[in-house]
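Q: Next up, model.cif (mmCIF, C-alpha atoms).
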```cif
data_start
#
loop_
_atom_site.label_atom_id
_atom_site.label_comp_id
_atom_site.auth_asym_id
_atom_site.auth_seq_id
_atom_site.Cartn_x
_atom_site.Cartn_y
_atom_site.Cartn_z
CA MET A 1 -1.25 7.27 29.82
CA SER A 2 -0.22 5.26 26.79
CA ASN A 3 1.75 6.63 23.85
CA ASP A 4 -0.36 4.52 21.46
CA LEU A 5 -2.34 6.20 18.69
CA LEU A 6 -5.99 5.95 17.65
CA VAL A 7 -7.50 6.81 14.26
CA VAL A 8 -11.30 6.88 14.20
CA GLY A 9 -13.38 7.01 11.03
CA LEU A 10 -16.93 8.27 11.54
CA GLY A 11 -19.92 6.75 9.76
CA ASN A 12 -23.09 4.73 10.16
CA PRO A 13 -23.16 0.90 10.35
CA GLY A 14 -25.20 -1.18 7.95
CA PRO A 15 -25.14 -1.87 4.20
CA GLN A 16 -27.70 0.84 3.46
CA TYR A 17 -25.13 3.47 4.48
CA ALA A 18 -22.02 1.87 3.01
CA GLY A 19 -21.59 4.06 -0.07
CA THR A 20 -22.93 7.34 1.29
CA ARG A 21 -21.10 10.63 1.73
CA HIS A 22 -21.55 10.46 5.50
CA ASN A 23 -19.52 7.23 5.52
CA ILE A 24 -16.35 8.55 3.93
CA GLY A 25 -14.68 8.17 7.35
CA PHE A 26 -15.46 4.45 7.32
CA ILE A 27 -14.28 4.16 3.70
CA CYS A 28 -10.93 5.77 4.53
CA ILE A 29 -10.42 3.62 7.64
CA GLU A 30 -10.95 0.54 5.50
CA ALA A 31 -8.33 1.83 3.03
CA LEU A 32 -5.96 2.40 5.94
CA ALA A 33 -6.59 -1.13 7.24
CA ARG A 34 -5.73 -2.56 3.82
CA LYS A 35 -2.56 -0.46 3.66
CA LEU A 36 -1.50 -1.80 7.05
CA GLY A 37 -2.32 -5.38 6.07
CA ILE A 38 -5.26 -5.69 8.46
CA THR A 39 -7.62 -8.12 6.76
CA GLY A 40 -11.26 -8.92 7.44
CA LYS A 41 -13.57 -6.71 9.46
CA GLY A 42 -11.53 -6.76 12.63
CA GLU A 43 -12.76 -7.37 16.14
CA THR A 44 -15.93 -5.74 17.43
CA ARG A 45 -15.29 -4.18 20.84
CA PHE A 46 -16.39 -1.01 22.62
CA ASN A 47 -19.29 -0.57 20.16
CA ALA A 48 -16.76 -0.30 17.34
CA ILE A 49 -14.98 -2.39 14.73
CA MET A 50 -11.35 -2.38 15.89
CA GLY A 51 -8.06 -3.10 14.21
CA GLN A 52 -4.48 -2.55 15.28
CA ALA A 53 -0.99 -2.44 13.84
CA ARG A 54 2.47 -1.68 15.12
CA GLN A 55 3.68 1.86 14.39
CA THR A 56 7.41 1.98 15.20
CA ASP A 57 7.54 1.68 19.02
CA ARG A 58 3.80 1.93 19.66
CA LYS A 59 0.45 0.56 18.56
CA LEU A 60 -1.84 2.22 16.06
CA PHE A 61 -5.50 1.43 16.69
CA LEU A 62 -8.19 1.88 14.04
CA ALA A 63 -11.86 2.21 14.92
CA GLN A 64 -15.23 2.45 13.18
CA PRO A 65 -17.88 3.29 15.79
CA LEU A 66 -21.07 1.23 15.48
CA THR A 67 -23.15 3.59 17.61
CA TYR A 68 -24.50 5.48 14.60
CA MET A 69 -23.11 8.90 13.83
CA ASN A 70 -24.81 10.97 16.52
CA LEU A 71 -23.33 8.87 19.35
CA SER A 72 -19.81 8.40 17.94
CA GLY A 73 -18.22 9.91 21.03
CA GLN A 74 -19.50 7.09 23.24
CA ALA A 75 -17.42 4.48 21.41
CA LEU A 76 -14.40 6.78 21.34
CA GLN A 77 -14.61 7.29 25.10
CA LYS A 78 -14.69 3.54 25.80
CA ILE A 79 -11.69 2.90 23.55
CA GLN A 80 -9.65 5.71 25.08
CA GLN A 81 -10.45 4.61 28.63
CA PHE A 82 -9.57 0.96 28.03
CA TYR A 83 -6.29 1.58 26.17
CA LYS A 84 -5.45 4.76 28.13
CA ILE A 85 -5.00 6.77 24.92
CA PRO A 86 -4.83 10.52 25.55
CA THR A 87 -6.90 12.81 23.35
CA GLN A 88 -3.75 14.34 21.81
CA ASN A 89 -3.04 10.89 20.31
CA VAL A 90 -6.42 10.67 18.55
CA LEU A 91 -7.27 11.54 14.94
CA ILE A 92 -10.89 11.71 13.72
CA LEU A 93 -11.74 11.22 10.01
CA TYR A 94 -15.09 12.54 8.80
CA ASP A 95 -17.01 14.07 5.90
CA ASP A 96 -17.13 17.83 5.48
CA ILE A 97 -19.69 19.67 3.33
CA ASP A 98 -17.70 22.91 3.53
CA LEU A 99 -14.89 21.46 1.44
CA PRO A 100 -15.24 20.48 -2.23
CA PHE A 101 -15.19 16.79 -3.03
CA GLY A 102 -11.64 15.49 -2.89
CA LYS A 103 -10.16 18.28 -0.78
CA ILE A 104 -8.85 17.24 2.64
CA ARG A 105 -7.80 19.37 5.56
CA PHE A 106 -6.10 18.57 8.85
CA ARG A 107 -7.01 20.71 11.85
CA PRO A 108 -5.71 20.46 15.43
CA ASN A 109 -8.88 21.86 16.99
CA GLY A 110 -12.10 23.75 16.33
CA SER A 111 -15.85 23.40 16.45
CA ALA A 112 -17.83 20.56 14.89
CA GLY A 113 -19.73 22.82 12.51
CA THR A 114 -22.86 21.01 11.33
CA HIS A 115 -21.37 17.53 11.81
CA ASN A 116 -23.27 15.58 14.46
CA GLY A 117 -20.65 12.86 14.77
CA MET A 118 -17.95 15.40 15.56
CA LYS A 119 -20.35 17.17 17.94
CA SER A 120 -20.66 13.93 19.88
CA VAL A 121 -16.88 13.45 19.92
CA ILE A 122 -16.31 16.97 21.27
CA GLN A 123 -19.11 16.68 23.83
CA VAL A 124 -17.83 13.39 25.24
CA SER A 125 -14.16 14.43 25.09
CA GLY A 126 -14.90 17.74 26.80
CA THR A 127 -12.56 19.60 24.46
CA GLN A 128 -12.43 20.98 20.94
CA THR A 129 -8.68 20.34 20.88
CA ILE A 130 -8.76 17.05 19.07
CA ALA A 131 -7.05 16.43 15.73
CA ARG A 132 -9.28 15.80 12.77
CA LEU A 133 -8.95 15.11 9.07
CA ARG A 134 -11.88 16.75 7.30
CA ILE A 135 -12.68 15.05 4.00
CA GLY A 136 -14.55 17.17 1.49
CA VAL A 137 -17.78 15.81 0.05
CA GLY A 138 -19.04 19.09 -1.41
CA SER A 139 -22.05 21.13 -0.38
CA PRO A 140 -25.65 20.14 -1.14
CA PRO A 141 -27.35 21.81 -4.12
CA PRO A 142 -30.08 24.31 -3.15
CA GLN A 143 -32.89 21.78 -3.65
CA TRP A 144 -31.33 19.26 -1.25
CA GLU A 145 -31.80 18.98 2.50
CA LEU A 146 -28.48 18.51 4.29
CA LYS A 147 -29.49 15.16 5.84
CA ASP A 148 -30.65 13.77 2.48
CA TYR A 149 -27.45 14.91 0.81
CA VAL A 150 -24.98 13.35 3.25
CA LEU A 151 -27.01 10.11 3.41
CA ALA A 152 -27.07 9.82 -0.39
CA ASN A 153 -24.55 7.88 -2.45
CA PHE A 154 -21.71 9.59 -4.23
CA THR A 155 -22.36 10.51 -7.86
CA PRO A 156 -20.86 8.20 -10.51
CA GLU A 157 -18.19 10.82 -11.25
CA GLU A 158 -17.29 11.05 -7.57
CA GLN A 159 -17.25 7.26 -7.25
CA ALA A 160 -14.64 7.11 -10.03
CA HIS A 161 -12.26 9.07 -7.78
CA LEU A 162 -13.24 7.53 -4.44
CA ASP A 163 -10.50 4.89 -4.30
CA LYS A 164 -7.82 7.49 -4.92
CA LEU A 165 -9.28 9.81 -2.30
CA ALA A 166 -9.47 7.02 0.29
CA THR A 167 -5.90 5.93 -0.46
CA VAL A 168 -4.56 9.46 0.01
CA CYS A 169 -6.51 9.82 3.26
CA ALA A 170 -4.99 6.56 4.48
CA GLU A 171 -1.51 7.80 3.60
CA ALA A 172 -2.28 11.12 5.30
CA ALA A 173 -3.37 9.36 8.50
CA LEU A 174 -0.13 7.39 8.56
CA TYR A 175 1.83 10.58 7.99
CA TRP A 176 -0.01 12.14 10.95
CA ALA A 177 0.87 9.10 13.06
CA GLU A 178 4.53 9.54 12.20
CA TYR A 179 4.95 13.32 12.19
CA GLY A 180 1.97 14.91 13.97
CA THR A 181 -0.77 17.33 13.02
CA GLU A 182 1.26 20.42 12.12
CA LYS A 183 3.46 18.65 9.60
CA ALA A 184 0.43 16.81 8.21
CA MET A 185 -1.30 20.18 7.72
CA ASN A 186 1.70 21.54 5.84
CA ARG A 187 1.89 18.49 3.61
CA TYR A 188 -1.76 17.83 2.80
CA ASN A 189 -3.91 20.92 3.33
CA SER A 190 -2.88 22.57 0.08
CA GLN A 191 -3.05 19.45 -2.08
CA THR A 192 -5.62 18.94 -4.81
CA ILE A 193 -6.29 15.21 -4.78
CA VAL A 194 -9.22 15.22 -7.18
CA PRO A 195 -9.63 17.76 -10.00
CA PRO A 196 -12.79 19.91 -9.92
CA LEU A 197 -15.77 17.80 -10.98
CA THR A 198 -18.32 18.80 -13.56
CA THR A 199 -21.41 17.15 -12.10
CA GLU A 200 -23.26 17.52 -8.84
CA ALA A 201 -25.95 15.59 -7.02
CA SER A 202 -29.29 15.80 -8.76
#
```
The structure in this file should be written as structure tokens.
A:
Amino acid sequence: MSNDLLVVGLGNPGPQYAGTRHNIGFICIEALARKLGITGKGETRFNAIMGQARQTDRKLFLAQPLTYMNLSGQALQKIQQFYKIPTQNVLILYDDIDLPFGKIRFRPNGSAGTHNGMKSVIQVSGTQTIARLRIGVGSPPPQWELKDYVLANFTPEEQAHLDKLATVCAEAALYWAEYGTEKAMNRYNSQTIVPPLTTEAS
């Protein structure tokens, strides 16, 4: 097995999904690519947009699966098999409705909750022990269906904080790459990146 690392941002391909809550994983991967100096859209392989950088003595791969959310695990499996990356060297970035917008939380394991992309990852990996960075997008108001909410764009107030949130998530992923999940949890899980917002989806 390789000692290389893989950070995967979950989302849906296509311009119609680009600014939606469900694509915060993609948004943060793009911020990470910019931070690492990876320009352009990268190479499309394994049903994913791929990028790579050198992280001390090993490679750091970035991936945005193009399989659509519900089949995210298929792309992950192909990448891991080709580069021989063990599951303990993988970090998944995805939206979480159980966290308020702007709150992030590292976890070393656990269920997927209601998130279909993470369900696919766990199903294909055969384990719930896979590091993830959950990125809060807030919960849907009572009048909203969950699917409609996560596939809707961020509110203007949320959009004003989106760059900062993505930048912190990129920094957090790099910190994970350097120090591991436990230290990343200690550093980031208690942080308030975005102050409580006054508006919600309507």
Q: Just the number, please: distance in Å from CA of Ile193 in chain A to CA of Leu60 in chain A, one decimal.
A: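 Distance reported for this atom pair: 25.0 Å.
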Q: Using the chain letters and numbers from the file, give me the residues hit by the PyMOL selection byres ((chain A and resi 86-95) around 6), as a list in words.
A: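 Taken on the displayed file, the PyMOL selection byres ((chain A and resi 86-95) around 6) yields the residues Leu5, Leu6, Val7, Val8, Gly9, Leu10, His22, Ile24, Gly25, Ile85, Asp96, Ala131, Arg132, Leu133, Arg134, Ile135 and Gly136 of chain A.
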Q: Enumerate, as a list in words, the residues matched when the PyMOL selection byres ((chain A and resi 100) around 12) is run on the file above.
A: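 What the PyMOL selection byres ((chain A and resi 100) around 12) grabs from the file is Asp95, Asp96, Ile97, Asp98, Leu99, Phe101, Gly102, Lys103, Ile104, Arg105, Arg134, Ile135, Gly136, Val137, Gly138, Ser139, Pro140, Glu158, Thr192, Ile193, Val194, Pro195, Pro196, Leu197, Thr198 and Glu200 of chain A.
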Q: Convert the output of the PyMOL selection byres ((chain A and resi 11) around 12) on the shown file into explicit residues, formatted as a ChimeraX atom specification.
A: /A:8-10,12-30,48-49,63-73,92-95,115-118,150-151
Q: Could you check the closest approach to Ala31 in chain A for each of A:Leu62, A:Val124, A:Ala160, A:Leu146 and tell me which residue wins, using all atoms listed in the file?
A: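 Looking at the shortest contact to Ala31 in chain A, the residue is A:Leu62.
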Q: Interatomic distance between CA of Asn109 in chain A and CA of Ser125 in chain A?
A: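 According to the coordinates, CA of Asn109 in chain A and CA of Ser125 in chain A are separated by 12.2 Å.
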Q: So, with all atoms listed in the file as the atoms that count, which of A:Gln80, A:Phe106, A:His161, A:Leu32 lies closest to Arg187 in chain A?
A: A:Phe106
Q: Set up a box along x, y and z of the file covering all listed atoms of range 145-158 of chain A, add 6 Å on every one of the six sides, and write the centre and edge lengths in Å to one decimal, as AutoDock Vina command-line options.
A:
```
--center_x -24.5 --center_y 13.4 --center_z -2.7 --size_x 26.5 --size_y 23.1 --size_z 29.1
```
Q: Give me, as a PyMOL selection string, all polymer residues having an atom no more than 9 Å from Ala53 in chain A, counting all atoms listed in the file and skipping those fewer than 6 positions away in the same chain.
A: chain A and resi 33+36-38+59-62
Q: What gap, in Å, lies between CA of Leu76 in chain A and CA of Ser111 in chain A?
A: 17.4 Å
Q: Could you tell me which of A:Ile79, A:Arg58, A:Trp144, A:Ser2 comes closest to Phe46 in chain A if we count all atoms listed in the file?
A: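 With all atoms listed in the file as the atom set, the closest residue is A:Ile79.
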Q: Compare A:Asn186, A:Asp4, A:Ala170, A:Glu157 by their minimum atom-to-atom distance to Gln55 in chain A, counting only C-alpha atoms, and give me the closest one.
A: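 Under the stated criterion, the closest residue is A:Asp4.
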